[in-house]
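Chemist: The structure is given below, and queries will be raised subsequently.
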Amino acid sequence: MTREVAHFKWASLPLAMSLALVAAASAGADPLITSAPSPAVRVTPPARSFSLVATGDVLTESLVTSAAATFTTGAGERFDFAPLFAPVTAMISSADIAICHMEMPIGAPGERPGVYGQSPFGGNLILAPYEIAEGLRRTGFDRCSTASNHSNDLGEPGIDTTLAALDAVGITHSGTARSRAESTPSILTVNGVRVAHLVYTRYSNTVLPSDPWRVSFAASPAQVAADITAVRAAGAEVVIVSLHLSKELQPAPDPVDRQFVTDLTALAHVDLVIEHGPHVIQPVEIVNGAWVYWSVGNFISGMGTAASGKYSDQRTLDGLAASARFTETSPGTFSVEPWPVLLCNEPFTRTLYAPVTALGDQLPAIVRSELEACLRRSNVVVAPLH
């Protein structure tokens with residue numbers, strides 16, 4: 001520690017004190033220290049806190065895989081997704097915990113990605129390439145939610161290869177499981193804070209597996225509330241709930257989904273709710289004291305073009321990074337400060353940008369125009385956007 005020495009005018013001190021200081025200085029002692037200093041005592045410990053960012057649906061449709069294929073550099077390489085996410089990598093990787101939503105099952109190494117037939121309930125059965133896991137890791141994701149309508153598209157083998165791919169790159173996961181034990185929610189430690197991340201889907205493209213622990217399905221608010229109570233009893237100080245929904249392309253939460261969250265937050269103490277599935281962004285609100293991202297839209301997809309059918313709506317190019325800061329305000333009690341960050345999937349190259357920062361860079365005119373349109377669309381729904 002560096003001590004700043006005050007400059008005294010000796011004549012201004014009482015005579016006896018001046019003489020004592022002069023004598024001490026003559027003896028080689030520090031005239032300003034008369035006894036051993038007392039150790040510093042911190043009256044109030046610093047608040048524990050951590051930052052989180054959670055993003056929307058990862059959908060590796062053909063436009064996305066085609067774009068990722070252009071970045072490969074070596075023989076035998078099929079896809080490199082990290083360059084598509086490069087403009088937002090610094091933001092994602094700077095969070096204390098970054099969570100993706102892997103909506104599709106991931107295949108085994110070398111397994112063919114793409115469409116594997118039609119769902120009996122409508123829509124395609126789709127498999128993502130093995131390389132997407134490495135792309136997400138290089139972007140800075142620590143964890144992925146895996147419960148969605150597509151979780152069981154390729155059956156139990158697809159669940160197994162998804163989790164194996166994430167394990168191989170060190171990304172933790174919740175929402176699907178290979179065993180009953182793996183389905184039990186774990187408590188993470190983030191900056192010394194014990195955090196539970198519970199993940200559910202509210203519908204499925206296929207009949208769910210016979211073992212209910214394979215895909216975490218939210219049958220009722222009471223069921224999810226019971227899980228929250230259990231992880232709180234196990235020591236969780238912060239609880240984050242991810243929900244995958246069925247109603248698509250709506251600009252605001254469906255009344256049934258709103259009621260589900262309203263009932264859930266009345267029954268249990270939830271710190272943050274993050275919803276996926278509508279493929280467009282929806283507002284951010286407080287419900288019974290809990291912050292709710294009603295829909296964070298897509299992270300990356302092949303949507304938003306004229307050839308996308310019902311998904312040609314350009315709002316499907318827009319997503320939110322559900323960012324938040326959790327800060328301890330009293331022992332075991334945490335405040336939540338959300339700040340939604342807009343992400344825009346540029347439709348020609350499928351590159352992802354955060355327009356609020358990217359628009360300050362040198363960009364091609366067509367890219368700048370796309371990002372400005374994304375910002376205009378999204379500010380109508382969620383404001384202010386960062």
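Naming works like this for the structure tokens: A, B, ... for the chains as they're shown, residue 1 at the start of each chain, ligands 1 onward in shown order.
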Please, which residues in region 61-180 of chain A fall within 12 Å of region 308-321 of chain A when counting only C-alpha atoms, and what is the closest atom pair and distance in Å to one decimal for each, ordered by chain then residue number, as JSON lines?

Modeler:
```
{"residue": "A:Glu61", "atom": "CA", "partner": "A:Ser308", "partner_atom": "CA", "distance": 10.6}
{"residue": "A:Ser62", "atom": "CA", "partner": "A:Ser308", "partner_atom": "CA", "distance": 10.9}
{"residue": "A:Leu63", "atom": "CA", "partner": "A:Ser308", "partner_atom": "CA", "distance": 10.3}
{"residue": "A:Val88", "atom": "CA", "partner": "A:Ala321", "partner_atom": "CA", "distance": 10.0}
{"residue": "A:Thr89", "atom": "CA", "partner": "A:Ala321", "partner_atom": "CA", "distance": 11.9}
{"residue": "A:Met91", "atom": "CA", "partner": "A:Ala321", "partner_atom": "CA", "distance": 9.4}
{"residue": "A:Ile92", "atom": "CA", "partner": "A:Ala321", "partner_atom": "CA", "distance": 8.6}
{"residue": "A:Ala95", "atom": "CA", "partner": "A:Ala321", "partner_atom": "CA", "distance": 11.0}
{"residue": "A:Ala98", "atom": "CA", "partner": "A:Ala321", "partner_atom": "CA", "distance": 9.6}
{"residue": "A:Ile99", "atom": "CA", "partner": "A:Ala321", "partner_atom": "CA", "distance": 9.6}
{"residue": "A:Cys100", "atom": "CA", "partner": "A:Ala321", "partner_atom": "CA", "distance": 9.6}
{"residue": "A:His101", "atom": "CA", "partner": "A:Ala321", "partner_atom": "CA", "distance": 11.2}
{"residue": "A:Gly123", "atom": "CA", "partner": "A:Lys310", "partner_atom": "CA", "distance": 11.4}
```

Chemist: Need to verify the contact set: Thr351 (chain A), 10 Å, only C-alpha atoms, exclusion of same-chain residues closer than 3 positions in sequence. Can you return it as a list in words?

Modeler: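 In the requested format, the answer is Val64, Ala67, Ala68, Phe81, Ala82, Pro83, Leu84, Phe85, Ala86, Pro87, Val88, Ile300, Cys344, Asn345, Glu346, Pro347, Phe348 and Val367 of chain A.
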
Chemist: Would you output that residue set with N, CA and C atoms, as a PDB file, in the first residue's frame?

Modeler:
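What ended up in part_5.pdb:
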```
ATOM      1  N   VAL A  64     -28.083 -22.372 -43.776  1.00  0.00           N
ATOM      2  CA  VAL A  64     -27.058 -22.221 -42.743  1.00  0.00           C
ATOM      3  C   VAL A  64     -25.899 -23.186 -42.990  1.00  0.00           C
ATOM      4  N   ALA A  67     -23.814 -22.018 -45.908  1.00  0.00           N
ATOM      5  CA  ALA A  67     -22.920 -20.917 -45.536  1.00  0.00           C
ATOM      6  C   ALA A  67     -21.732 -21.432 -44.739  1.00  0.00           C
ATOM      7  N   ALA A  68     -21.984 -22.358 -43.800  1.00  0.00           N
ATOM      8  CA  ALA A  68     -20.898 -22.890 -42.970  1.00  0.00           C
ATOM      9  C   ALA A  68     -19.910 -23.699 -43.800  1.00  0.00           C
ATOM     10  N   PHE A  81     -19.031 -23.440 -38.439  1.00  0.00           N
ATOM     11  CA  PHE A  81     -20.088 -22.484 -38.094  1.00  0.00           C
ATOM     12  C   PHE A  81     -19.570 -21.253 -37.355  1.00  0.00           C
ATOM     13  N   ALA A  82     -18.415 -21.353 -36.732  1.00  0.00           N
ATOM     14  CA  ALA A  82     -17.938 -20.249 -35.901  1.00  0.00           C
ATOM     15  C   ALA A  82     -17.836 -18.916 -36.653  1.00  0.00           C
ATOM     16  N   PRO A  83     -17.392 -18.889 -37.912  1.00  0.00           N
ATOM     17  CA  PRO A  83     -17.326 -17.598 -38.602  1.00  0.00           C
ATOM     18  C   PRO A  83     -18.692 -16.913 -38.750  1.00  0.00           C
ATOM     19  N   LEU A  84     -19.777 -17.691 -38.810  1.00  0.00           N
ATOM     20  CA  LEU A  84     -21.104 -17.081 -38.901  1.00  0.00           C
ATOM     21  C   LEU A  84     -21.453 -16.314 -37.632  1.00  0.00           C
ATOM     22  N   PHE A  85     -20.883 -16.738 -36.502  1.00  0.00           N
ATOM     23  CA  PHE A  85     -21.192 -16.119 -35.210  1.00  0.00           C
ATOM     24  C   PHE A  85     -20.107 -15.131 -34.774  1.00  0.00           C
ATOM     25  N   ALA A  86     -19.059 -14.976 -35.586  1.00  0.00           N
ATOM     26  CA  ALA A  86     -17.894 -14.201 -35.165  1.00  0.00           C
ATOM     27  C   ALA A  86     -18.215 -12.782 -34.702  1.00  0.00           C
ATOM     28  N   PRO A  87     -19.141 -12.041 -35.353  1.00  0.00           N
ATOM     29  CA  PRO A  87     -19.394 -10.675 -34.900  1.00  0.00           C
ATOM     30  C   PRO A  87     -19.980 -10.569 -33.487  1.00  0.00           C
ATOM     31  N   VAL A  88     -20.542 -11.661 -32.953  1.00  0.00           N
ATOM     32  CA  VAL A  88     -21.129 -11.595 -31.602  1.00  0.00           C
ATOM     33  C   VAL A  88     -20.358 -12.444 -30.611  1.00  0.00           C
ATOM     34  N   ILE A 300     -29.858 -18.519 -35.027  1.00  0.00           N
ATOM     35  CA  ILE A 300     -29.528 -18.656 -36.443  1.00  0.00           C
ATOM     36  C   ILE A 300     -30.508 -19.638 -37.067  1.00  0.00           C
ATOM     37  N   CYS A 344     -29.185  -9.937 -35.185  1.00  0.00           N
ATOM     38  CA  CYS A 344     -29.812  -9.989 -36.503  1.00  0.00           C
ATOM     39  C   CYS A 344     -29.054 -10.950 -37.397  1.00  0.00           C
ATOM     40  N   ASN A 345     -29.785 -11.897 -37.988  1.00  0.00           N
ATOM     41  CA  ASN A 345     -29.226 -12.879 -38.902  1.00  0.00           C
ATOM     42  C   ASN A 345     -29.275 -12.296 -40.318  1.00  0.00           C
ATOM     43  N   GLU A 346     -28.135 -11.899 -40.846  1.00  0.00           N
ATOM     44  CA  GLU A 346     -28.089 -11.293 -42.164  1.00  0.00           C
ATOM     45  C   GLU A 346     -28.441 -12.366 -43.199  1.00  0.00           C
ATOM     46  N   PRO A 347     -29.464 -12.142 -44.034  1.00  0.00           N
ATOM     47  CA  PRO A 347     -30.040 -13.238 -44.818  1.00  0.00           C
ATOM     48  C   PRO A 347     -29.180 -13.756 -45.959  1.00  0.00           C
ATOM     49  N   PHE A 348     -28.232 -12.976 -46.449  1.00  0.00           N
ATOM     50  CA  PHE A 348     -27.467 -13.408 -47.619  1.00  0.00           C
ATOM     51  C   PHE A 348     -26.300 -14.318 -47.223  1.00  0.00           C
ATOM     52  N   VAL A 367     -25.669  -4.894 -46.188  1.00  0.00           N
ATOM     53  CA  VAL A 367     -25.685  -5.412 -44.817  1.00  0.00           C
ATOM     54  C   VAL A 367     -26.198  -4.339 -43.866  1.00  0.00           C
TER      55      VAL A 367
END
```

Chemist: Compare A:Val241, A:Ala354, A:Leu127, A:Ala252 by their minimum atom-to-atom distance to Glu275 (chain A), counting only C-alpha atoms, and give me the closest one.

Modeler: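 Looking only at the distances to Glu275 (chain A), the closest residue turns out to be A:Val241.
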
Chemist: If you run DSSP on this backbone, which residues of region 16-254 of chain A come out as strand (DSSP E or B), and could you give them as a PyMOL selection string?

Modeler: chain A and resi 49-58+97-102+106+114-118+124-128+143-145+172-174+176+187-190+193-201+215+217+238-244

Chemist: Taking C-alpha atoms for each residue, export the selection above as a PDB file, in the first residue's frame.

Modeler:
```pdb
ATOM      1  CA  SER A  49     -22.939 -11.331  -8.762  1.00  0.00           C
ATOM      2  CA  PHE A  50     -22.754 -12.931 -12.182  1.00  0.00           C
ATOM      3  CA  SER A  51     -23.759 -12.125 -15.742  1.00  0.00           C
ATOM      4  CA  LEU A  52     -25.780 -14.341 -18.065  1.00  0.00           C
ATOM      5  CA  VAL A  53     -26.590 -14.341 -21.751  1.00  0.00           C
ATOM      6  CA  ALA A  54     -29.076 -16.788 -23.293  1.00  0.00           C
ATOM      7  CA  THR A  55     -29.909 -16.877 -26.987  1.00  0.00           C
ATOM      8  CA  GLY A  56     -32.634 -18.212 -29.264  1.00  0.00           C
ATOM      9  CA  ASP A  57     -33.183 -21.212 -31.507  1.00  0.00           C
ATOM     10  CA  VAL A  58     -30.204 -22.781 -33.263  1.00  0.00           C
ATOM     11  CA  ILE A  97     -22.467 -18.100 -18.235  1.00  0.00           C
ATOM     12  CA  ALA A  98     -23.672 -18.225 -21.842  1.00  0.00           C
ATOM     13  CA  ILE A  99     -26.567 -20.524 -22.776  1.00  0.00           C
ATOM     14  CA  CYS A 100     -27.655 -21.545 -26.284  1.00  0.00           C
ATOM     15  CA  HIS A 101     -30.903 -23.242 -27.285  1.00  0.00           C
ATOM     16  CA  MET A 102     -30.090 -26.271 -29.447  1.00  0.00           C
ATOM     17  CA  ILE A 106     -27.211 -33.197 -33.359  1.00  0.00           C
ATOM     18  CA  GLY A 114     -30.845 -32.400 -42.933  1.00  0.00           C
ATOM     19  CA  VAL A 115     -34.448 -33.574 -43.240  1.00  0.00           C
ATOM     20  CA  TYR A 116     -35.323 -37.135 -42.228  1.00  0.00           C
ATOM     21  CA  GLY A 117     -38.987 -37.192 -43.144  1.00  0.00           C
ATOM     22  CA  GLN A 118     -42.177 -35.595 -41.906  1.00  0.00           C
ATOM     23  CA  ASN A 124     -39.953 -31.773 -40.745  1.00  0.00           C
ATOM     24  CA  LEU A 125     -37.826 -34.156 -38.737  1.00  0.00           C
ATOM     25  CA  ILE A 126     -34.388 -32.541 -38.833  1.00  0.00           C
ATOM     26  CA  LEU A 127     -30.838 -33.436 -37.782  1.00  0.00           C
ATOM     27  CA  ALA A 128     -28.066 -30.882 -37.203  1.00  0.00           C
ATOM     28  CA  ARG A 143     -24.312 -24.575 -21.794  1.00  0.00           C
ATOM     29  CA  CYS A 144     -27.261 -25.419 -24.063  1.00  0.00           C
ATOM     30  CA  SER A 145     -30.924 -26.113 -23.417  1.00  0.00           C
ATOM     31  CA  THR A 172     -23.081 -28.699 -20.423  1.00  0.00           C
ATOM     32  CA  HIS A 173     -26.760 -29.270 -21.141  1.00  0.00           C
ATOM     33  CA  SER A 174     -30.230 -29.702 -19.725  1.00  0.00           C
ATOM     34  CA  THR A 176     -32.914 -34.157 -22.548  1.00  0.00           C
ATOM     35  CA  ILE A 187     -26.769 -27.006  -9.579  1.00  0.00           C
ATOM     36  CA  LEU A 188     -24.034 -24.964 -11.250  1.00  0.00           C
ATOM     37  CA  THR A 189     -21.642 -22.676  -9.421  1.00  0.00           C
ATOM     38  CA  VAL A 190     -21.200 -19.382 -11.266  1.00  0.00           C
ATOM     39  CA  VAL A 193     -23.386 -18.416  -6.751  1.00  0.00           C
ATOM     40  CA  ARG A 194     -25.325 -21.693  -6.834  1.00  0.00           C
ATOM     41  CA  VAL A 195     -27.519 -21.592  -9.956  1.00  0.00           C
ATOM     42  CA  ALA A 196     -30.151 -24.053 -11.202  1.00  0.00           C
ATOM     43  CA  HIS A 197     -31.120 -23.988 -14.882  1.00  0.00           C
ATOM     44  CA  LEU A 198     -34.345 -25.937 -15.502  1.00  0.00           C
ATOM     45  CA  VAL A 199     -35.342 -26.651 -19.111  1.00  0.00           C
ATOM     46  CA  TYR A 200     -38.667 -27.850 -20.552  1.00  0.00           C
ATOM     47  CA  THR A 201     -40.628 -28.102 -23.768  1.00  0.00           C
ATOM     48  CA  VAL A 215     -37.304 -35.287 -22.773  1.00  0.00           C
ATOM     49  CA  PHE A 217     -41.856 -31.989 -20.745  1.00  0.00           C
ATOM     50  CA  VAL A 238     -30.863 -18.536  -8.313  1.00  0.00           C
ATOM     51  CA  VAL A 239     -33.321 -20.434 -10.536  1.00  0.00           C
ATOM     52  CA  ILE A 240     -33.570 -19.858 -14.297  1.00  0.00           C
ATOM     53  CA  VAL A 241     -36.306 -21.617 -16.292  1.00  0.00           C
ATOM     54  CA  SER A 242     -36.165 -22.162 -20.075  1.00  0.00           C
ATOM     55  CA  LEU A 243     -39.462 -23.050 -21.805  1.00  0.00           C
ATOM     56  CA  HIS A 244     -39.979 -24.073 -25.434  1.00  0.00           C
TER      57      HIS A 244
END
```

Chemist: With distances taken over only C-alpha atoms, which of A:Val336, A:Ala358, A:Ala383, A:Leu208 is nearest to Gln282 (chain A)?

Modeler: A:Ala383

Chemist: Pick from A:Thr146, A:Thr349, A:Ser151, A:Asn191: nearest to Ile366 (chain A), with only C-alpha atoms counted?

Modeler: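 Ranked by minimum distance to Ile366 (chain A), first place goes to A:Thr349.
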
Chemist: List every residue of region 274-320 of chain A that DSSP, applied to the backbone of this structure, assigns to helix (DSSP H, G or I), and report them as a list in words.

Modeler: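 Reading the DSSP output for region 274-320 of chain A, helix (DSSP H, G or I) covers Ala306, Ala307, Ser308, Gly309, Lys310, Tyr311, Ser312, Gln314, Arg315, Thr316 and Leu317 of chain A.
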